[in-house]
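Student: I have a structure here, written as structure tokens, and I will follow up with some questions on it.
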Amino acid sequence: MTDSRVDTKYRPEGAVVLDGVHKTYDRGAVPVHALRGVSLSLPAGELVVVLGPSGSGKTTLLNVIGGIDSPTDGSVRVDGEDIGRYDEHRLTEYRRRTVGFVFQFFNLVPTLTALENVALIAELTGGAGNARRMLEQVGMEDRLDHFPAALSGGEQQRVAVARALSKRPRLLLCDEPTGALDLETGRSVLGLLRQLNRDEGLTTILVTHNSAIAAMADRVVRMRSGELVSSEPVQAPVDADEVNW
Amino acid sequence: MNLWLRKALRDIGRRRGQFAAVVVTTFLGVALFGASFDAYRNLLVSYDTLFQRTHFADLTVSGGDLTSYVERARQLDGVEAVTTRTVTESYARVGDHRFIVRLVGLPPERQPAIDQVIVLRGRYLDPQRSTGVLLEQHLADYYHLGPGDTLEVRTPFGWTGLPVLGVAASPEYLWPARSRQDVLTLPQDFGVLFAPQTPLQLLAGGQGREALATVAQGADRAAVLDRLEALARGTGATAITTRAEQPSNAALHEDIAGFGEMALMFPILFLGAAAFTAFVIISRLVHSQRSLIGSLRANGVRRRAILLHHLALGLVPAAVGGLLGALAGEGLAIVISRLYTGALAIPITVIHPHPLVAAAGLAMALVTVALAALAPALDAARVAPAEAMRGLQPPRGGRASALERLLPALERLPASAKLILRGAVRNPGRSVTTMAGVVLALVLVMVSLGMLDTTKLLLEQQFGRVQREDAQVYLSGDANAELERRVGAVDGIAAVESALQTKAVVRAGGGSYATALTAFHPDTTMHGFLDAHGKARSLPGHGVLVGLALEHKLGLTVGDPVEIDLPALHRTLDTTVAGFVDEPLGTFIYAALPLALGSQGAGSAATAPAPNMLFVRYAPGVDRSALRRRLEGVTGVVAVIDARSLKVAADRLMGLFYVFVGAMLVFGAALAFALIFSTMTVTISERTAELASLRAAGVRQAQIARIVSGENLVLVLLGLVPGLVIAYLTAAAFMGSFSNDMFRFDLHVQPLTWGVAVLAVVIAALASQLPALRNVARMDLAAAVRERGQ
């Protein structure tokens with residue numbers, strides 16, 4: 001199930017290939033199978049929306065691709081490298097160089113301003129991005145010196161996106177990025193993610209239980225009970241403004 | 001099991017490391033309180049029992065018209081008994097070793113009515129054996145003498161062998177002090193024996209009489225003592241000593257008072273730490289369970305139940321620690337009491353169980369921790385049901401740190417440095433707790449290290465700058481020029497000076513103080529005179545130098561007139577205070593020889609006095625024991641007391657100090673560890689999502705550790721500033737509480753000690769964050785990044 005619509009202007013990096021990935025958690029006497037033999041190929045530069053009900057394994061899939069969790073079995077190849085075999089040290093380096101995360105609850109450092117939050121990650125990971133420019137890119141140039149407490153949820157999420165971009169990642173992984181936002185703010189953030197995907201050629205994987213968001217994706221991956229149900233390209237993705245829920 | 005209790009136990013179980021800190025600090029606080037307070041009580045009761053059984057004198061009087069005093073004292077209401085006896089000093093020798101011996105008169109037929117002795121070995125005095133004596137236990141033990149042995153004592157008839165009938169303990173010599181000015185005497189230099197009164201009186205030539213009195217049970221003790229003291233002054237007494245002032249009793253009480261102080265200090269420090277810890281943990285718990293508490297409230301659970309549940313979170317660990325501590329304290333008190341009385345050879349050890357003390361310790365623990373838990377418990381009880389429905393809470397407001405606002409240039413710092421600066425003061429309550437841990441730990445460390453430094457320095461001062469002689473040479477007659485020459489000619493003697501040393505009573509402004517006067521040559525090199533600032537000064541030609549303690553004890557100032565009775569010389573000096581001397585051991589009077597001998601100043605004397613002893617300094621590297629024997633071989637020399645033997649003994653005792661200091665360092669480190677560990681683990685758990693996000697972004701574990709350690713170090717440094725000041729003041733007050741006319745303990749802290757104290761606390765602080773950092777390393781990133789940040 002590969003997609004032939006990959007734009008040639010996108011960078012070649014960021015392709016993700018999963019082959020027979022299992023993830024089992026030991027929760028007492030009964031093992032929990034979060035992923036059951038998922039095989040999937042995600043071309044570089046796509047905006048992928050992963051859909052599924054609660055407990056379907058979509059977040060585990062994202063975590064395994066992002067290197068904050070390791071598969072129990074199978075391979076996870078990013079640009080040809082099997083990150084499933086990496087030890088903790090190499091996973092850290094992988095996340096440092098390759099991945100940018102955006103979380104549902106933003107997870108900004110409350111004692112740092114928007115600019116400092118972005119600069120911190122660039123500083124600690126040796127990221128190449130200019131914090132100020134990153135914030136300008138997400139439309140936060142007027143709020144650089146504001147602390148998170150003084151920002152709205154949408155603004156905080158924009159800062160979180162800028163923070164994720166500050167390392168110039170090849171993969172942008174978003175876990176329910178609109179889950180804590182109202183419709184308008186959610187649309188605004190989705191628009192930003194789409195814009196970055198297109199402008200930067202950034203492979204973007206967005207996990208959500210909100211099926212309305214699927215309409216704006218290049219590809220929709222559906223999960224249920226830890227298994228891949230489908231992975232299909234979207235023929236005519238809509239703009240974020242047209243997404244409604 | 002009650003479901004609330006089950007929840008409480010499980011909440012505690014999930015945070016067992018943090019609650020273990022509450023248990024441990026509560027345990028230490030209650031155990032050390034019980035141990036020190038019970039030991040204090042046991043020792044006081046042991047002394048009191050011994051004093052009652054031996055009818056220890058309430059008042060001892062010497063000088064003046066003793067016969068009149070005794071007759072009139074016996075008539076006073078509330079006086080139980082009045083007796084007289086003779087006390088004199090001479091020299092004794094065992095093998096080739098000579099030392100000062102005090103002979104105390106006892107009626108040979110039966111125990112006296114006052115100041116009885118407890119015969120430990122052999123038997124009491126025998127009227128049929130007028131030369132038979134009892135040896136005080138320290139003397140007997142040091143020289144391994146017992147019943148059947150003979151001790152040679154110098155009498156007017158020469159060296160006379162006295163048969164030892166028994167070995168005895170006396171309430172007056174539990175701590176064998178020669179006088180209040182000479183509390184630290186060594187058994188090789190000074191011993192006590194008890195001899196039949198009548199022959200002793202003859203031997204002393206009628207000198208050295210004392211009257212002892214006891215107050216009847218049930219009488220107004222203070223009033224009776226006042227009347228007796230007034231009577232003694234009225235009959236011209238030269239020395240009046242109450243039971244509290246009696247040298248042995250005063251020294252021992254000074255010593256065991258330390259237990260009483262520790263009984264106060266330990267609970268303050270450790271229960272304070274337990275309270276801080278409980279407050280931090282329960283506050284965090286309430287914060288993290290607000291939704292749950294809101295749900296419970298929405299389901300109709302009463303505020304009172306929620307309040308009690310959260311109080312229980314503090315009370316359960318406090319009860320566990322408190323109960324274990326109370327039991328351990330009782331056991332420790334018995335061990336300490338027995339070790340103490342055993343080490344000091346106190347013949348009676350009274351050990352009473354003190355259930356009330358144990359109960360008080362437990363109650364203190366429960367009340368302290370309950371008070372600490374009350375604020376977060378009330379906070380929990382006030383949670384509105386709507387909290388359960390509330391969605392994402394906005395992050396707490398951030399702001400630049402005070403330091404950044406003060407120094408705008410810090411704006412250019414990298415974001416990670418700002419994170420450290422602001423993180424340190426992110427939660428003011430938490431920051432204060434960490435700083436309080438640093439302060440408390442520094443107090444414990446500085447008190448113990450300060451005591452060590454002070455003792456070391458005072459010993460160096462006493463035996464380096466004050467006592468410059470190597471030995472004091474006691475003579476059978478006056479220190480004439482010929483004898484001085486002979487002693488100076490002994491191989492190994494570098495310098496010799498004659499001096500006069502005699503008992504003295506200082507009178508001024510209606511008060512008096514019994515001490516000793518030592519008169520040196522005006523240009524003496526055998527004694528250094530240090531003023532209150534530690535500066536050396538010379539012996540004045542006019543007036544006397546007096547120990548600093550008399551400045552307050554008699555209200556003296558420089559230039560004040562004083563009257564100095566010298567009973568052994570039958571002479572009184574009318575002179576002035578020329579200055580004060582600050583000496584670590586004892587409170588003495590010093591004068592130039594011409595003044596003391598009567599060639600200057602006003603005075604009256606029956607006979608012209610002369611120097612009566614020699615101070616000598618040894619050549620470097622000499623064999624001190626051999627030289628001492630050579631000196632004792634000089635005709636006219638009776639005994640030689642090596643001034644360095646006390647220094648050597650004191651240096652050996654420093655080993656015990658190191659044990660004490662080591663224990664206090666461990667306690668200090670444990671305290672800092674417990675507080676910082678608790679605050680750190682709570683801080684880390686509150687910031688799980690934030691730190692996990694950094695880890696997810698590829699920030700290395702070591703970088704996170706540096707940030708967290710940096711925040712911690714900032715707080716430790718902030719705590720060090722007030723901590724060092726408070727610790728110094730506490731240590732000074734602690735040492736000052738031991739200062740009196742017997743010892744002067746002015747706190748001295750070596751520069752290195754400050755560094756050691758700081759280093760110890762910083763190491764404890766850094767070590768205490770290791771468990772929290774390990775938790776960060778083991779964090780489940782996948783789960784943590786989905787948490788709501790705070």
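We name chains A, B, ... following the order of the structure tokens; residues begin at 1 in each chain, and ligands are numbered from 1 as shown.
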Could you make a table, as a tab-separated table, of the residues of chain A that have an atom within 8 Å of an atom of chain B, each with its nearest atom pair and distance in Å to one decimal, counting only C-alpha atoms, in chain and number order?
Tutor:
```
residue	atom	partner	partner_atom	distance
A:Thr60	CA	B:Ala782	CA	7.8
A:Asn63	CA	B:Ala782	CA	6.3
A:Ile68	CA	B:Ala782	CA	5.9
A:Asp69	CA	B:Ala782	CA	6.4
A:Thr92	CA	B:Gly698	CA	4.9
A:Glu93	CA	B:Gly698	CA	6.2
A:Tyr94	CA	B:Gly698	CA	7.3
A:Arg95	CA	B:Gly698	CA	4.6
A:Arg96	CA	B:Gly698	CA	3.8
A:Arg97	CA	B:Gly698	CA	7.5
A:Val99	CA	B:Ala697	CA	7.1
A:Gly100	CA	B:Ala697	CA	6.3
A:Phe101	CA	B:Ala697	CA	6.7
A:Phe103	CA	B:Val785	CA	7.0
A:Gln104	CA	B:Arg786	CA	7.0
A:Phe105	CA	B:Arg788	CA	5.7
A:Phe106	CA	B:Gly789	CA	7.9
A:Asn107	CA	B:Glu690	CA	5.3
A:Leu108	CA	B:Glu690	CA	6.5
A:Val109	CA	B:Glu690	CA	6.2
A:Pro110	CA	B:Gly398	CA	5.5
A:Thr111	CA	B:Gly398	CA	4.4
A:Leu112	CA	B:Leu419	CA	6.6
A:Thr113	CA	B:Gly398	CA	7.9
A:Glu116	CA	B:Ala415	CA	5.4
A:Asn117	CA	B:Ala415	CA	7.5
A:Ala119	CA	B:Ala415	CA	6.3
A:Leu120	CA	B:Ala415	CA	5.1
A:Ile121	CA	B:Ala697	CA	7.3
A:Glu123	CA	B:Ala415	CA	7.5
A:Leu124	CA	B:Val699	CA	6.0
A:Thr125	CA	B:Val699	CA	5.8
A:Phe147	CA	B:Gly398	CA	5.7
A:Pro148	CA	B:Pro395	CA	6.7
A:Ala149	CA	B:Gly397	CA	4.9
A:Ala150	CA	B:Gly397	CA	7.4
A:Ala164	CA	B:Ala697	CA	7.4
A:Ala180	CA	B:Leu392	CA	7.3
```
Student: Pull N, CA and C atoms from the residues just selected and write them as a CSV table (one decimal), in the first residue's frame.
Tutor:
```
chain,number,residue,atom,x,y,z
A,60,THR,N,0.8,4.0,20.3
A,60,THR,CA,2.0,3.1,20.5
A,60,THR,C,2.8,3.1,19.1
A,63,ASN,N,4.8,6.2,19.0
A,63,ASN,CA,5.9,6.2,19.9
A,63,ASN,C,7.0,5.3,19.4
A,68,ILE,N,10.5,6.6,21.3
A,68,ILE,CA,10.3,6.7,22.7
A,68,ILE,C,9.8,5.4,23.2
A,69,ASP,N,9.6,4.4,22.4
A,69,ASP,CA,9.2,3.1,22.8
A,69,ASP,C,9.9,2.1,21.7
A,92,THR,N,18.2,8.0,21.8
A,92,THR,CA,18.3,9.4,22.2
A,92,THR,C,18.9,10.2,21.0
A,93,GLU,N,20.0,9.7,20.4
A,93,GLU,CA,20.6,10.4,19.3
A,93,GLU,C,19.6,10.5,18.1
A,94,TYR,N,18.9,9.4,17.9
A,94,TYR,CA,17.9,9.4,16.8
A,94,TYR,C,16.8,10.5,17.0
A,95,ARG,N,16.3,10.5,18.2
A,95,ARG,CA,15.3,11.5,18.5
A,95,ARG,C,15.9,12.9,18.4
A,96,ARG,N,17.1,13.0,18.8
A,96,ARG,CA,17.8,14.3,18.8
A,96,ARG,C,17.9,14.8,17.3
A,97,ARG,N,18.3,13.9,16.4
A,97,ARG,CA,18.6,14.4,15.1
A,97,ARG,C,17.4,14.3,14.1
A,99,VAL,N,13.7,13.5,15.0
A,99,VAL,CA,12.3,13.5,15.3
A,99,VAL,C,11.9,14.8,16.0
A,100,GLY,N,10.7,15.4,15.7
A,100,GLY,CA,10.2,16.5,16.5
A,100,GLY,C,8.8,16.0,17.0
A,101,PHE,N,8.6,16.2,18.3
A,101,PHE,CA,7.3,15.7,18.8
A,101,PHE,C,6.4,16.9,19.2
A,103,PHE,N,2.9,17.3,21.5
A,103,PHE,CA,2.0,16.5,22.4
A,103,PHE,C,0.6,17.2,22.6
A,104,GLN,N,-0.3,16.4,23.0
A,104,GLN,CA,-1.7,17.0,23.3
A,104,GLN,C,-1.6,18.1,24.3
A,105,PHE,N,-0.8,17.9,25.4
A,105,PHE,CA,-0.8,18.9,26.5
A,105,PHE,C,0.4,19.8,26.4
A,106,PHE,N,0.9,20.0,25.2
A,106,PHE,CA,2.0,21.0,24.9
A,106,PHE,C,3.3,20.7,25.6
A,107,ASN,N,3.2,20.5,27.0
A,107,ASN,CA,4.4,20.2,27.8
A,107,ASN,C,5.5,21.2,27.6
A,108,LEU,N,5.1,22.5,27.7
A,108,LEU,CA,6.1,23.6,27.6
A,108,LEU,C,6.7,23.8,29.1
A,109,VAL,N,7.9,24.3,29.1
A,109,VAL,CA,8.5,24.6,30.4
A,109,VAL,C,7.8,25.9,30.9
A,110,PRO,N,7.1,25.9,32.0
A,110,PRO,CA,6.3,27.1,32.4
A,110,PRO,C,7.2,28.3,32.9
A,111,THR,N,8.5,28.0,33.2
A,111,THR,CA,9.3,29.1,33.7
A,111,THR,C,10.1,29.7,32.6
A,112,LEU,N,9.9,29.3,31.3
A,112,LEU,CA,10.6,29.9,30.2
A,112,LEU,C,9.6,30.5,29.3
A,113,THR,N,10.1,31.6,28.6
A,113,THR,CA,9.2,32.3,27.7
A,113,THR,C,9.1,31.5,26.4
A,116,GLU,N,12.3,31.3,24.8
A,116,GLU,CA,13.3,30.5,25.5
A,116,GLU,C,13.0,29.0,25.4
A,117,ASN,N,11.7,28.7,25.4
A,117,ASN,CA,11.3,27.3,25.3
A,117,ASN,C,11.8,26.7,24.0
A,119,ALA,N,14.3,28.0,22.2
A,119,ALA,CA,15.8,28.1,22.2
A,119,ALA,C,16.4,26.9,23.0
A,120,LEU,N,15.7,26.5,24.1
A,120,LEU,CA,16.2,25.5,25.0
A,120,LEU,C,16.5,24.2,24.2
A,121,ILE,N,15.5,23.8,23.4
A,121,ILE,CA,15.6,22.5,22.7
A,121,ILE,C,16.8,22.7,21.7
A,123,GLU,N,19.2,24.5,21.9
A,123,GLU,CA,20.5,24.6,22.6
A,123,GLU,C,20.9,23.2,23.1
A,124,LEU,N,20.0,22.5,23.7
A,124,LEU,CA,20.3,21.2,24.3
A,124,LEU,C,20.6,20.1,23.3
A,125,THR,N,20.0,20.2,22.1
A,125,THR,CA,20.1,19.2,21.1
A,125,THR,C,21.0,19.6,20.0
A,147,PHE,N,5.3,34.1,28.8
A,147,PHE,CA,5.4,32.8,29.4
A,147,PHE,C,4.2,32.0,29.1
A,148,PRO,N,4.3,30.7,29.1
A,148,PRO,CA,3.1,29.8,28.7
A,148,PRO,C,1.8,30.2,29.4
A,149,ALA,N,1.9,30.6,30.7
A,149,ALA,CA,0.7,30.9,31.4
A,149,ALA,C,-0.1,32.1,30.7
A,150,ALA,N,0.7,32.9,30.0
A,150,ALA,CA,0.0,34.1,29.3
A,150,ALA,C,-0.4,33.8,27.9
A,164,ALA,N,9.4,21.9,18.3
A,164,ALA,CA,9.7,20.6,17.6
A,164,ALA,C,10.5,20.9,16.4
A,180,ALA,N,-6.7,19.2,23.0
A,180,ALA,CA,-7.0,20.1,24.1
A,180,ALA,C,-7.5,21.4,23.6
```
Student: Set the distance at 9 Å and use only C-alpha atoms: which residues neighbour Ile293 (chain B) once local chain neighbours fewer than 3 positions away are removed? I'd like the list as a list in words.
Tutor: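 Once the nearby chain positions are removed, what remains is Val286, Gln289, Arg290, Leu296, Arg297, Ala298, Ile306, Ala380, Ala381, Val383, Ala384, Pro385, Glu387 and Ala388 of chain B.
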Student: Tell me, as a PyMOL selection string, which residues lie within 12 Å of Ala214 (chain A), counting only C-alpha atoms; anything in the same chain fewer than 2 positions away does not count.
Tutor: chain A and resi 47-52+190+205-212+216-222+231-240+242-245
Student: Write out as a list in words all residues of region 157-208 of chain A that DSSP puts in strand (DSSP E) for this structure's backbone.
Tutor: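 The residues of region 157-208 of chain A classed as strand (DSSP E) are Leu171, Leu172, Leu173, Cys174, Asp175, Thr203, Thr204, Ile205, Leu206, Val207 and Thr208 of chain A.
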Student: I'd like to know which residues of region 431-621 of chain B are alpha helix (DSSP H) (by DSSP, run on the backbone); could you write them as a ChimeraX atom specification?
Tutor: /B:431-460,481-488,549-553,593-596
Student: Mind pulling up the distance from CA of Val133 (chain B) to CA of Pro347 (chain B)?
Tutor: 19.7 Å
Student: If you count only C-alpha atoms, which residues fall within 12 Å of region 473-479 of chain B, apart from same-chain ones fewer than 6 positions away, as a VMD selection string?
Tutor: chain B and resid 89 to 91 98 to 100 154 to 156 158 to 159 189 485 to 488 493 496 to 502 608 to 617 627 to 643
Student: Select, from B:Phe270, B:Phe745, B:Tyr69, B:Tyr143, the residue with the minimum atom-to-atom distance to Gly95 (chain B), counting only C-alpha atoms.
Tutor: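 Using only C-alpha atoms, Gly95 (chain B) sits closest to B:Tyr143.
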Student: Nearest to Arg178 (chain B) among B:Ala358, B:Val24, B:Val94, B:Met742, with distances taken over only C-alpha atoms: which residue is it?
Tutor: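 Of B:Ala358, B:Val24, B:Val94, B:Met742, the one nearest Arg178 (chain B) is B:Met742, counting only C-alpha atoms.
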Student: Have a look at B:Ala578, B:Leu366, B:Val443, B:Leu231 and name the one nearest to Leu76 (chain B); count only C-alpha atoms.
Tutor: B:Leu231
Student: Any idea what's packed within 12 Å of Leu449 (chain B), counting only C-alpha atoms, ignoring anything in its chain fewer than 3 positions away? Could you give it as a PDB file with C-alpha atoms, in the first residue's frame?
Tutor:
```pdb
ATOM      1  CA  LEU B 442      24.746  22.989  58.657  1.00  0.00           C
ATOM      2  CA  VAL B 443      23.670  23.601  62.256  1.00  0.00           C
ATOM      3  CA  LEU B 444      24.380  19.987  63.180  1.00  0.00           C
ATOM      4  CA  VAL B 445      27.649  19.898  61.279  1.00  0.00           C
ATOM      5  CA  MET B 446      28.909  23.242  62.538  1.00  0.00           C
ATOM      6  CA  LEU B 452      36.128  20.064  67.831  1.00  0.00           C
ATOM      7  CA  ASP B 453      37.903  23.199  66.584  1.00  0.00           C
ATOM      8  CA  THR B 454      37.231  25.107  69.789  1.00  0.00           C
ATOM      9  CA  THR B 455      38.525  22.322  71.999  1.00  0.00           C
ATOM     10  CA  LYS B 456      41.640  21.895  69.863  1.00  0.00           C
ATOM     11  CA  PHE B 657      35.314  13.753  70.123  1.00  0.00           C
ATOM     12  CA  TYR B 658      35.886  12.386  66.640  1.00  0.00           C
ATOM     13  CA  VAL B 659      33.285   9.684  67.319  1.00  0.00           C
ATOM     14  CA  PHE B 660      30.822  12.333  68.500  1.00  0.00           C
ATOM     15  CA  VAL B 661      31.613  14.596  65.561  1.00  0.00           C
ATOM     16  CA  GLY B 662      31.303  11.656  63.173  1.00  0.00           C
ATOM     17  CA  ALA B 663      27.867  10.794  64.566  1.00  0.00           C
ATOM     18  CA  MET B 664      26.718  14.417  64.290  1.00  0.00           C
ATOM     19  CA  LEU B 665      28.023  14.610  60.726  1.00  0.00           C
ATOM     20  CA  GLY B 668      23.463  16.268  59.627  1.00  0.00           C
ATOM     21  CA  ALA B 727      24.922  27.545  62.283  1.00  0.00           C
ATOM     22  CA  TYR B 728      27.685  29.785  63.632  1.00  0.00           C
ATOM     23  CA  ALA B 731      27.338  26.693  67.664  1.00  0.00           C
ATOM     24  CA  ALA B 732      28.461  29.789  69.590  1.00  0.00           C
ATOM     25  CA  MET B 735      29.555  26.289  73.281  1.00  0.00           C
ATOM     26  CA  LEU B 747      33.663  29.323  69.698  1.00  0.00           C
ATOM     27  CA  HIS B 748      36.584  29.186  67.292  1.00  0.00           C
ATOM     28  CA  VAL B 749      36.082  27.887  63.792  1.00  0.00           C
ATOM     29  CA  GLN B 750      39.067  27.181  61.556  1.00  0.00           C
ATOM     30  CA  PRO B 751      38.766  28.412  57.947  1.00  0.00           C
ATOM     31  CA  LEU B 752      39.068  24.818  56.707  1.00  0.00           C
ATOM     32  CA  THR B 753      36.096  23.825  58.872  1.00  0.00           C
ATOM     33  CA  TRP B 754      33.808  26.180  56.967  1.00  0.00           C
ATOM     34  CA  GLY B 755      34.878  24.454  53.786  1.00  0.00           C
ATOM     35  CA  VAL B 756      34.395  20.979  55.248  1.00  0.00           C
ATOM     36  CA  ALA B 757      30.904  21.872  56.524  1.00  0.00           C
ATOM     37  CA  VAL B 758      29.884  23.317  53.157  1.00  0.00           C
ATOM     38  CA  ALA B 760      29.586  17.834  53.576  1.00  0.00           C
TER      39      ALA B 760
END
```
Student: Could you check how far CA of Val301 (chain B) sits from CA of Leu371 (chain B), in Å to one decimal?
Tutor: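 Interatomic distance here is 23.1 Å.
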Student: Please list as a list of chain:residue names every residue within 10 Å of Glu155 (chain A), counting only C-alpha atoms and excluding residues in the same chain fewer than 5 positions away.
Tutor: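 Selected residues are A:Phe106, A:Ala114, A:Val138, A:Gly139, A:Met140, A:Arg143, A:Pro148, A:Ala150, A:Ala160, A:Val161, A:Thr185, A:Ser188, A:Val189.
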Student: With distances taken over only C-alpha atoms, which residue among A:Glu176, A:Asp182, A:Asp26, A:Asp241 lies nearest Lys58 (chain A)?
Tutor: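 Ranking A:Glu176, A:Asp182, A:Asp26, A:Asp241 by distance to Lys58 (chain A), first place goes to A:Glu176.
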Student: Leaving out Arg774 (chain B) and any residue of its chain fewer than 6 positions from it, which residues lie within 12 Å of it when counting only C-alpha atoms, given as a PDB file with N, CA and C atoms, in the first residue's frame?
Tutor:
```pdb
ATOM      1  N   MET B 680      13.137  16.783  46.204  1.00  0.00           N
ATOM      2  CA  MET B 680      13.584  16.474  44.848  1.00  0.00           C
ATOM      3  C   MET B 680      12.657  15.481  44.164  1.00  0.00           C
ATOM      4  N   THR B 681      12.315  14.415  44.873  1.00  0.00           N
ATOM      5  CA  THR B 681      11.481  13.400  44.232  1.00  0.00           C
ATOM      6  C   THR B 681      10.104  13.980  43.911  1.00  0.00           C
ATOM      7  N   ILE B 684      10.545  16.310  40.905  1.00  0.00           N
ATOM      8  CA  ILE B 684      10.716  15.547  39.659  1.00  0.00           C
ATOM      9  C   ILE B 684       9.371  14.954  39.217  1.00  0.00           C
ATOM     10  N   SER B 685       8.616  14.418  40.196  1.00  0.00           N
ATOM     11  CA  SER B 685       7.359  13.780  39.796  1.00  0.00           C
ATOM     12  C   SER B 685       6.369  14.818  39.272  1.00  0.00           C
ATOM     13  N   GLN B 701      20.134  12.231  29.009  1.00  0.00           N
ATOM     14  CA  GLN B 701      19.911  12.058  30.442  1.00  0.00           C
ATOM     15  C   GLN B 701      20.898  12.908  31.252  1.00  0.00           C
ATOM     16  N   ALA B 702      22.151  12.926  30.782  1.00  0.00           N
ATOM     17  CA  ALA B 702      23.179  13.680  31.513  1.00  0.00           C
ATOM     18  C   ALA B 702      22.849  15.174  31.512  1.00  0.00           C
ATOM     19  N   ILE B 704      19.802  16.465  31.398  1.00  0.00           N
ATOM     20  CA  ILE B 704      18.702  16.654  32.362  1.00  0.00           C
ATOM     21  C   ILE B 704      19.281  16.654  33.777  1.00  0.00           C
ATOM     22  N   ALA B 705      20.185  15.719  34.012  1.00  0.00           N
ATOM     23  CA  ALA B 705      20.780  15.622  35.361  1.00  0.00           C
ATOM     24  C   ALA B 705      21.497  16.915  35.707  1.00  0.00           C
ATOM     25  N   VAL B 708      18.827  19.575  36.578  1.00  0.00           N
ATOM     26  CA  VAL B 708      18.221  19.339  37.897  1.00  0.00           C
ATOM     27  C   VAL B 708      19.246  19.593  39.010  1.00  0.00           C
ATOM     28  N   ALA B 767      24.007  13.823  46.679  1.00  0.00           N
ATOM     29  CA  ALA B 767      23.705  12.390  46.796  1.00  0.00           C
ATOM     30  C   ALA B 767      22.202  12.172  46.912  1.00  0.00           C
ATOM     31  N   SER B 768      21.521  13.119  47.589  1.00  0.00           N
ATOM     32  CA  SER B 768      20.091  12.930  47.850  1.00  0.00           C
ATOM     33  C   SER B 768      19.252  13.021  46.576  1.00  0.00           C
TER      34      SER B 768
END
```
Student: So, with only C-alpha atoms as the atoms that count, which of A:Pro169, A:Gly57, A:Pro177, A:Gly67 lies closest to Gly45 (chain A)?
Tutor: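 Looking at the shortest contact to Gly45 (chain A), the residue is A:Pro169.
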Student: One decimal, in Å: what's the spacing between CA of Arg465 (chain B) and CA of Asp255 (chain B)?
Tutor: 26.3 Å
